[in-house]
>>> print(open('my_file.txt').read())   # compact mmCIF, C-alpha atoms
# COMPACT_ATOMS: atom_id res chain seq x y z
CA MET U 1 -50.50 -134.26 136.45
CA SER U 2 -48.83 -130.93 135.83
CA SER U 3 -51.17 -130.21 132.92
CA ASN U 4 -54.10 -130.73 135.29
CA HIS U 5 -52.65 -128.20 137.67
CA SER U 6 -52.05 -125.75 134.84
CA ALA U 7 -55.59 -126.26 133.64
CA SER U 8 -56.89 -125.69 137.13
CA ALA U 9 -54.84 -122.51 137.53
CA SER U 10 -55.95 -121.20 134.14
CA GLU U 11 -59.56 -121.97 134.95
CA HIS U 12 -59.17 -120.21 138.26
CA GLN U 13 -57.64 -117.15 136.65
CA GLY U 14 -60.18 -117.10 133.87
CA LYS U 15 -63.18 -116.81 136.18
CA ARG U 16 -64.65 -113.41 136.74
CA HIS U 17 -65.23 -113.04 140.44
CA LYS U 18 -67.47 -110.59 142.17
CA VAL U 19 -65.29 -108.53 144.47
CA GLU U 20 -66.87 -108.49 147.92
CA GLY U 21 -67.42 -105.21 149.70
CA PRO U 22 -66.37 -104.26 153.22
CA GLN U 23 -69.93 -104.13 154.61
CA LYS U 24 -70.19 -107.68 155.97
CA HIS U 25 -66.74 -107.41 157.53
CA VAL U 26 -67.68 -104.18 159.27
CA VAL U 27 -70.86 -105.87 160.56
CA ALA U 28 -68.76 -108.84 161.79
CA TYR U 29 -66.39 -106.38 163.51
CA ILE U 30 -69.27 -104.55 165.24
CA PHE U 31 -70.78 -107.89 166.31
CA SER U 32 -67.38 -108.95 167.74
CA LEU U 33 -67.10 -105.63 169.61
CA VAL U 34 -70.58 -106.08 171.09
CA LEU U 35 -69.72 -109.62 172.22
CA THR U 36 -66.48 -108.36 173.80
CA LEU U 37 -68.32 -105.55 175.61
CA LEU U 38 -70.97 -107.99 176.84
CA ALA U 39 -68.26 -110.33 178.17
CA PHE U 40 -66.51 -107.53 180.06
CA ALA U 41 -69.84 -106.11 181.32
CA THR U 42 -70.92 -109.53 182.63
CA VAL U 43 -67.74 -109.81 184.72
CA ILE U 44 -67.72 -106.19 185.90
CA ALA U 45 -71.41 -106.33 186.92
CA GLY U 46 -70.75 -109.52 188.89
CA GLU U 47 -74.48 -110.18 189.30
CA VAL U 48 -74.51 -113.68 187.82
CA ASN U 49 -73.22 -116.79 189.64
CA THR U 50 -69.74 -118.07 188.80
CA ALA U 51 -70.69 -121.26 186.93
CA PHE U 52 -73.18 -119.47 184.69
CA THR U 53 -70.69 -116.64 184.07
CA TYR U 54 -68.09 -119.20 182.95
CA ILE U 55 -70.53 -120.82 180.52
CA LEU U 56 -71.66 -117.44 179.18
CA LEU U 57 -68.07 -116.23 178.68
CA VAL U 58 -67.01 -119.39 176.85
CA PHE U 59 -70.14 -119.25 174.67
CA MET U 60 -69.44 -115.64 173.69
CA ALA U 61 -65.78 -116.48 172.99
CA MET U 62 -66.81 -119.41 170.76
CA LEU U 63 -69.24 -117.16 168.88
CA GLN U 64 -66.54 -114.57 168.34
CA VAL U 65 -64.04 -117.17 167.16
CA TYR U 66 -66.66 -118.52 164.72
CA ILE U 67 -67.07 -115.03 163.24
CA GLN U 68 -63.31 -114.62 162.88
CA MET U 69 -62.79 -118.01 161.27
CA ALA U 70 -65.88 -118.12 159.07
CA PHE U 71 -65.84 -114.57 157.72
CA TRP U 72 -62.33 -113.16 158.19
CA MET U 73 -60.39 -116.38 157.60
CA HIS U 74 -62.87 -117.46 154.89
CA MET U 75 -63.46 -120.93 156.35
CA LYS U 76 -67.09 -120.79 155.26
CA ASP U 77 -65.98 -120.50 151.62
CA ARG U 78 -65.55 -123.43 149.25
CA GLY U 79 -62.18 -125.21 149.14
CA HIS U 80 -61.46 -124.96 152.86
CA ILE U 81 -62.11 -128.57 153.83
CA TYR U 82 -58.45 -129.21 154.75
CA ALA U 83 -58.37 -125.99 156.75
CA ILE U 84 -61.44 -127.14 158.69
CA ILE U 85 -59.93 -130.62 159.22
CA GLY U 86 -56.62 -129.10 160.42
CA ILE U 87 -58.29 -126.75 162.90
CA LEU U 88 -60.78 -129.41 164.10
CA MET U 89 -57.94 -131.87 164.76
CA GLY U 90 -56.06 -129.18 166.68
CA THR U 91 -59.21 -128.33 168.63
CA PHE U 92 -59.79 -132.00 169.52
CA VAL U 93 -56.27 -132.27 170.97
CA VAL U 94 -56.71 -128.96 172.81
CA LEU U 95 -60.01 -130.04 174.38
CA THR U 96 -58.42 -133.30 175.51
CA ILE U 97 -55.50 -131.42 177.07
CA VAL U 98 -57.74 -128.85 178.77
CA VAL U 99 -60.16 -131.44 180.19
CA MET U 100 -57.20 -133.50 181.43
CA ALA U 101 -55.57 -130.45 182.99
CA GLU U 102 -58.79 -129.27 184.61
CA TYR U 103 -60.11 -132.57 185.98
CA TRP U 104 -57.25 -135.07 186.32
CA THR U 105 -54.16 -133.19 187.48
CA TRP U 106 -55.17 -132.48 191.07
CA TRP U 107 -56.98 -135.77 191.81
CA MET J 108 -46.98 -121.33 133.96
CA SER J 109 -44.46 -119.08 135.61
CA ALA J 110 -45.25 -117.66 139.02
CA HIS J 111 -44.17 -114.27 137.70
CA SER J 112 -46.29 -114.33 134.57
CA HIS J 113 -48.75 -111.80 135.96
CA VAL J 114 -47.53 -108.25 136.04
CA ASP J 115 -49.04 -105.48 138.17
CA GLY J 116 -52.42 -104.42 136.89
CA GLN J 117 -53.18 -107.82 135.35
CA LEU J 118 -53.49 -109.96 138.43
CA PRO J 119 -56.29 -112.51 138.78
CA HIS J 120 -59.03 -111.90 141.34
CA GLU J 121 -57.44 -114.12 144.00
CA PRO J 122 -53.71 -113.92 143.15
CA GLU J 123 -52.80 -115.97 146.24
CA LYS J 124 -54.48 -119.02 144.68
CA ALA J 125 -53.53 -118.43 141.06
CA THR J 126 -50.52 -120.77 141.12
CA LEU J 127 -50.04 -124.27 142.50
CA GLU J 128 -47.28 -122.92 144.75
CA GLY J 129 -49.65 -120.28 146.11
CA ARG J 130 -52.42 -122.80 146.80
CA ASN J 131 -49.98 -125.17 148.49
CA LYS J 132 -48.65 -122.31 150.60
CA VAL J 133 -52.15 -121.53 151.86
CA LEU J 134 -52.92 -125.22 152.53
CA GLY J 135 -49.59 -125.74 154.32
CA PHE J 136 -50.22 -122.68 156.42
CA TRP J 137 -53.58 -124.01 157.56
CA LEU J 138 -51.87 -127.20 158.73
CA PHE J 139 -49.33 -125.04 160.55
CA LEU J 140 -52.21 -123.20 162.26
CA GLY J 141 -53.57 -126.60 163.37
CA GLY J 142 -50.18 -127.22 165.03
CA GLU J 143 -50.25 -123.76 166.60
CA THR J 144 -53.69 -124.55 168.01
CA VAL J 145 -52.22 -127.59 169.79
CA LEU J 146 -49.25 -125.54 171.03
CA PHE J 147 -51.46 -122.87 172.58
CA GLY J 148 -53.77 -125.62 173.87
CA THR J 149 -50.95 -127.07 175.96
CA LEU J 150 -50.18 -123.60 177.37
CA PHE J 151 -53.87 -123.07 178.21
CA GLY J 152 -53.93 -126.54 179.82
CA ALA J 153 -50.89 -125.65 181.97
CA TYR J 154 -52.44 -122.31 182.96
CA LEU J 155 -55.80 -123.86 183.90
CA THR J 156 -54.00 -126.46 186.01
CA LEU J 157 -51.81 -123.96 187.86
CA ARG J 158 -53.98 -120.84 188.06
CA HIS J 159 -54.89 -121.37 191.73
CA GLN J 160 -51.31 -122.22 192.82
CA VAL J 161 -50.56 -118.69 193.96
CA GLY J 162 -48.50 -119.37 197.09
CA ASP J 163 -48.60 -117.48 200.39
CA GLY J 164 -48.85 -113.71 200.26
CA ASN J 165 -48.64 -113.43 196.48
CA PRO J 166 -51.24 -111.49 194.47
CA THR J 167 -54.14 -113.53 193.05
CA SER J 168 -55.61 -113.03 189.59
CA GLN J 169 -58.54 -111.11 191.12
CA GLU J 170 -56.19 -108.67 192.86
CA LEU J 171 -53.87 -108.38 189.89
CA PHE J 172 -55.75 -107.99 186.63
CA ASP J 173 -56.70 -104.57 185.31
CA LEU J 174 -59.67 -105.08 183.01
CA THR J 175 -59.54 -101.54 181.55
CA LEU J 176 -56.08 -102.22 180.13
CA VAL J 177 -57.20 -105.63 178.79
CA ALA J 178 -60.31 -104.08 177.20
CA ILE J 179 -58.19 -101.47 175.38
CA ALA J 180 -55.73 -104.15 174.20
CA THR J 181 -58.65 -106.29 172.97
CA PHE J 182 -60.17 -103.37 171.07
CA ILE J 183 -56.82 -102.62 169.41
CA LEU J 184 -56.20 -106.23 168.33
CA LEU J 185 -59.78 -106.70 167.10
CA THR J 186 -59.49 -103.52 165.04
CA SER J 187 -56.16 -104.71 163.59
CA SER J 188 -57.92 -107.89 162.42
CA LEU J 189 -60.42 -105.75 160.51
CA THR J 190 -57.66 -103.65 158.94
CA SER J 191 -55.87 -106.82 157.79
CA VAL J 192 -59.16 -107.93 156.16
CA PHE J 193 -59.28 -104.58 154.36
CA ALA J 194 -55.69 -105.16 153.20
CA ILE J 195 -56.62 -108.52 151.67
CA GLN J 196 -59.73 -107.01 150.06
CA ALA J 197 -57.56 -104.26 148.55
CA MET J 198 -55.19 -106.97 147.28
CA HIS J 199 -58.13 -108.76 145.61
CA LYS J 200 -59.04 -105.49 143.90
CA ASN J 201 -55.39 -105.08 142.85
CA GLN J 202 -55.16 -101.80 144.79
CA VAL J 203 -51.55 -102.15 145.92
CA LYS J 204 -51.26 -98.75 147.58
CA ALA J 205 -54.43 -99.25 149.62
CA MET J 206 -53.24 -102.75 150.58
CA LEU J 207 -49.90 -101.39 151.81
CA ASN J 208 -51.65 -98.61 153.75
CA TRP J 209 -53.94 -101.08 155.50
CA LEU J 210 -50.98 -103.35 156.29
CA ILE J 211 -49.13 -100.37 157.81
CA VAL J 212 -52.19 -99.57 159.97
CA THR J 213 -52.29 -103.25 161.03
CA VAL J 214 -48.61 -103.14 162.04
CA LEU J 215 -49.12 -99.90 163.99
CA LEU J 216 -52.09 -101.35 165.86
CA GLY J 217 -50.04 -104.48 166.59
CA LEU J 218 -47.28 -102.27 167.99
CA GLY J 219 -49.85 -100.48 170.15
CA PHE J 220 -51.04 -103.83 171.50
CA LEU J 221 -47.47 -104.92 172.21
CA ILE J 222 -46.62 -101.70 174.06
CA LEU J 223 -49.72 -102.14 176.23
CA GLU J 224 -48.72 -105.73 177.00
CA ILE J 225 -45.19 -104.72 177.98
CA TYR J 226 -46.62 -101.96 180.19
CA GLU J 227 -48.99 -104.47 181.77
CA PHE J 228 -46.15 -106.93 182.51
CA LEU J 229 -44.00 -104.16 184.06
CA HIS J 230 -46.97 -103.09 186.18
CA TYR J 231 -47.41 -106.64 187.46
CA LEU J 232 -43.68 -106.90 188.22
CA HIS J 233 -43.96 -103.80 190.41
CA LEU J 234 -46.81 -105.53 192.26
CA GLY J 235 -44.52 -108.47 193.04
CA HIS J 236 -45.82 -110.78 190.33
CA GLY J 237 -42.59 -112.02 188.74
CA PHE J 238 -42.06 -115.01 186.46
CA THR J 239 -40.83 -117.23 189.33
CA THR J 240 -43.18 -115.85 192.02
CA SER J 241 -45.57 -118.80 191.79
CA ALA J 242 -46.76 -121.56 189.50
CA PHE J 243 -49.66 -119.26 188.57
CA SER J 244 -47.32 -116.44 187.56
CA SER J 245 -45.05 -118.78 185.54
CA SER J 246 -47.98 -120.22 183.58
CA PHE J 247 -49.52 -116.76 183.13
CA TYR J 248 -46.36 -115.18 181.72
CA THR J 249 -45.66 -118.21 179.53
CA LEU J 250 -49.13 -118.21 177.95
CA VAL J 251 -49.64 -114.46 177.57
CA GLY J 252 -45.96 -113.84 176.79
CA PHE J 253 -45.98 -116.51 174.10
CA HIS J 254 -48.95 -114.80 172.49
CA GLY J 255 -47.10 -111.48 172.74
CA ALA J 256 -44.09 -113.08 171.02
CA HIS J 257 -46.42 -114.19 168.20
CA VAL J 258 -47.68 -110.62 167.85
CA ALA J 259 -44.07 -109.35 167.75
CA PHE J 260 -43.19 -111.92 165.07
CA GLY J 261 -46.32 -110.96 163.09
CA ILE J 262 -45.32 -107.28 163.18
CA PHE J 263 -41.82 -108.17 161.98
CA TRP J 264 -43.14 -110.47 159.24
CA ILE J 265 -45.77 -108.04 157.88
CA THR J 266 -43.22 -105.20 157.95
CA LEU J 267 -40.88 -107.30 155.79
CA LEU J 268 -43.76 -108.10 153.43
CA ILE J 269 -44.62 -104.40 153.12
CA ILE J 270 -41.01 -103.71 152.13
CA GLN J 271 -41.00 -106.64 149.67
CA VAL J 272 -44.26 -105.63 147.97
CA PHE J 273 -43.09 -102.02 147.87
CA LYS J 274 -39.89 -103.11 146.09
CA ARG J 275 -41.13 -105.96 143.87
CA GLY J 276 -44.82 -105.13 143.51
CA LEU J 277 -47.82 -107.39 143.98
CA ASN J 278 -47.60 -110.57 141.92
CA THR J 279 -48.47 -114.25 142.22
CA THR J 280 -45.33 -114.79 144.33
CA THR J 281 -45.85 -112.01 146.87
CA ALA J 282 -49.67 -112.27 147.06
CA PRO J 283 -49.75 -115.71 148.80
CA LYS J 284 -47.29 -114.40 151.39
CA VAL J 285 -49.54 -111.44 152.17
CA TYR J 286 -52.58 -113.74 152.33
CA VAL J 287 -51.02 -116.21 154.79
CA ALA J 288 -49.69 -113.31 156.91
CA GLY J 289 -53.34 -112.16 157.09
CA LEU J 290 -54.40 -115.64 158.23
CA TYR J 291 -51.65 -115.60 160.85
CA TRP J 292 -52.84 -112.23 162.14
CA HIS J 293 -56.44 -113.46 162.46
CA PHE J 294 -55.20 -116.55 164.28
CA ILE J 295 -53.37 -114.32 166.79
CA ASP J 296 -56.67 -112.51 167.37
CA VAL J 297 -58.52 -115.83 167.81
CA VAL J 298 -56.00 -116.90 170.48
CA TRP J 299 -56.38 -113.52 172.20
CA VAL J 300 -60.18 -114.01 172.38
CA PHE J 301 -59.52 -117.14 174.46
CA ILE J 302 -56.80 -115.41 176.51
CA PHE J 303 -58.98 -112.48 177.55
CA THR J 304 -61.86 -114.87 178.26
CA VAL J 305 -60.05 -117.67 180.11
CA VAL J 306 -57.15 -115.78 181.72
CA TYR J 307 -58.47 -112.29 182.44
CA LEU J 308 -62.26 -112.46 182.67
CA MET J 309 -62.49 -115.88 184.33
CA GLY J 310 -59.50 -114.91 186.48
CA LYS J 311 -61.40 -111.86 187.66
CA VAL J 312 -64.50 -113.94 188.42
CA GLY J 313 -62.35 -116.32 190.50
>>> encode(input="my_file.txt", output="structure tokens")
Amino acid sequence: MSSNHSASASEHQGKRHKVEGPQKHVVAYIFSLVLTLLAFATVIAGEVNTAFTYILLVFMAMLQVYIQMAFWMHMKDRGHIYAIIGILMGTFVVLTIVVMAEYWTWW
Amino acid sequence: MSAHSHVDGQLPHEPEKATLEGRNKVLGFWLFLGGETVLFGTLFGAYLTLRHQVGDGNPTSQELFDLTLVAIATFILLTSSLTSVFAIQAMHKNQVKAMLNWLIVTVLLGLGFLILEIYEFLHYLHLGHGFTTSAFSSSFYTLVGFHGAHVAFGIFWITLLIIQVFKRGLNTTTAPKVYVAGLYWHFIDVVWVFIFTVVYLMGKVG
């Protein structure tokens, strides 16, 4: 068991990796800034009806969170299956709580 | 293999995953973040339930929230996420000085965010929006304050890591700590994205 782990570590260390540059992270940052500005502009303009504004805001938030998790937290990379499972399980519980809070509490 | 077998200048490309301990630390931290997701979920659930329970004569979210302040705070936190990415990239290139510099910038931006949040809370207190004013105010301060406490802890944690790396150098023991602190900082930013969307922007819409 321990020899397997040692072998895995050695293999990991022995690989020559290509060091990624900052470009894609800067692009992700600019994209996040644009999404944030759009969200604030939508609310400040106040031209769209409330229900559609809510949907638009949540969509832009989800998109921004995807960028953060996929690129900056490396969830799109290999070896992150447990990370994805952990976050998805947390998200499932959160959605249940939020739906319950929003639709059941004041019935 | 000893966790300390790599000396500065001879680190592997991803030193945070070079040892079993490091890999387990990262995996365990992801599970912790899953738990944090649930924790913040319950606070969001409470806020969504109570956000219209303002009481008579108390300020509503539409009267209260200052979007300019929130926009500045969002910009600061988003930028700090990018600087923490740069810190991890510098770590992967074994550029310890650059990594420490980017971590210091991240801490300073976090402090800036925290100062803005404290200012915002004091401003709301002057407007008569205290913690016990209404169910809305209690849930608001609990959710946003809890996030602020996470930012404060993150600043404290990263500052300690900066001191540790400065003293002991970057090795396969300190690298996983820096990596998970980076994950924690991104998670704080992810939670803030939902806070400015659900609490501030939706609160302003009504």
>>> closest_residue(input="my_file.txt", among="J:Phe238, J:Tyr286, J:Phe147, J:Trp292", to="Leu216 (chain J)", atoms="all atoms listed in the file")
J:Trp292
>>> atom_distance(input="my_file.txt", atom1="CA of Ala125 (chain J)", atom2="CA of Glu143 (chain J)")
26.3 Å
>>> closest_residue(input="my_file.txt", among="J:Ser191, J:Phe139, J:Leu232, J:Phe247", to="Phe303 (chain J)", atoms="all atoms listed in the file")
J:Phe247
>>> closest_atom_pairs(input="my_file.txt", of="chain U", to="chain J", cutoff="6 Å", atoms="only C-alpha atoms", output="CSV")
residue,atom,partner,partner_atom,distance
U:Ala9,CA,J:Ala125,CA,5.6
U:Gln13,CA,J:Pro119,CA,5.3
U:Val65,CA,J:Val297,CA,5.7
U:Ala83,CA,J:Trp137,CA,5.2
U:Gly86,CA,J:Gly141,CA,4.9
U:Ile87,CA,J:Gly141,CA,4.7
U:Gly90,CA,J:Gly141,CA,4.9
U:Val94,CA,J:Gly148,CA,4.6
U:Ile97,CA,J:Gly152,CA,5.8
U:Val98,CA,J:Gly152,CA,4.6
U:Ala101,CA,J:Thr156,CA,5.2
U:Glu102,CA,J:Thr156,CA,5.7
>>> write_last_selection(input="my_file.txt", atoms="C-alpha atoms", output="mmCIF file, in the frame of the given file")
data_model
loop_
_atom_site.group_PDB
_atom_site.id
_atom_site.type_symbol
_atom_site.label_atom_id
_atom_site.label_comp_id
_atom_site.auth_asym_id
_atom_site.auth_seq_id
_atom_site.Cartn_x
_atom_site.Cartn_y
_atom_site.Cartn_z
ATOM 1 C CA ALA U 9 -54.840 -122.510 137.530
ATOM 2 C CA GLN U 13 -57.640 -117.150 136.650
ATOM 3 C CA VAL U 65 -64.040 -117.170 167.160
ATOM 4 C CA ALA U 83 -58.370 -125.990 156.750
ATOM 5 C CA GLY U 86 -56.620 -129.100 160.420
ATOM 6 C CA ILE U 87 -58.290 -126.750 162.900
ATOM 7 C CA GLY U 90 -56.060 -129.180 166.680
ATOM 8 C CA VAL U 94 -56.710 -128.960 172.810
ATOM 9 C CA ILE U 97 -55.500 -131.420 177.070
ATOM 10 C CA VAL U 98 -57.740 -128.850 178.770
ATOM 11 C CA ALA U 101 -55.570 -130.450 182.990
ATOM 12 C CA GLU U 102 -58.790 -129.270 184.610
#
>>> atom_distance(input="my_file.txt", atom1="CA of Ile67 (chain U)", atom2="CA of Thr96 (chain U)")
23.6 Å
>>> residues_around(input="my_file.txt", residues="Leu171 (chain J)", least_positions_apart="6", cutoff="9 Å", atoms="all atoms listed in the file", output="VMD selection string")
chain J and resid 231 234 236 311
>>> atom_distance(input="my_file.txt", atom1="CA of Glu123 (chain J)", atom2="CA of Thr279 (chain J)")
6.2 Å
>>> residues_around(input="my_file.txt", residues="Lys204 (chain J)", least_positions_apart="3", cutoff="10 Å", atoms="only C-alpha atoms", output="PyMOL selection string")
chain J and resi 194+197-198+201+207-210+272-273+276-277
>>> closest_residue(input="my_file.txt", among="U:Ala61, U:Ile55, U:Arg78, U:Thr50", to="Leu37 (chain U)", atoms="all atoms listed in the file")
U:Ala61
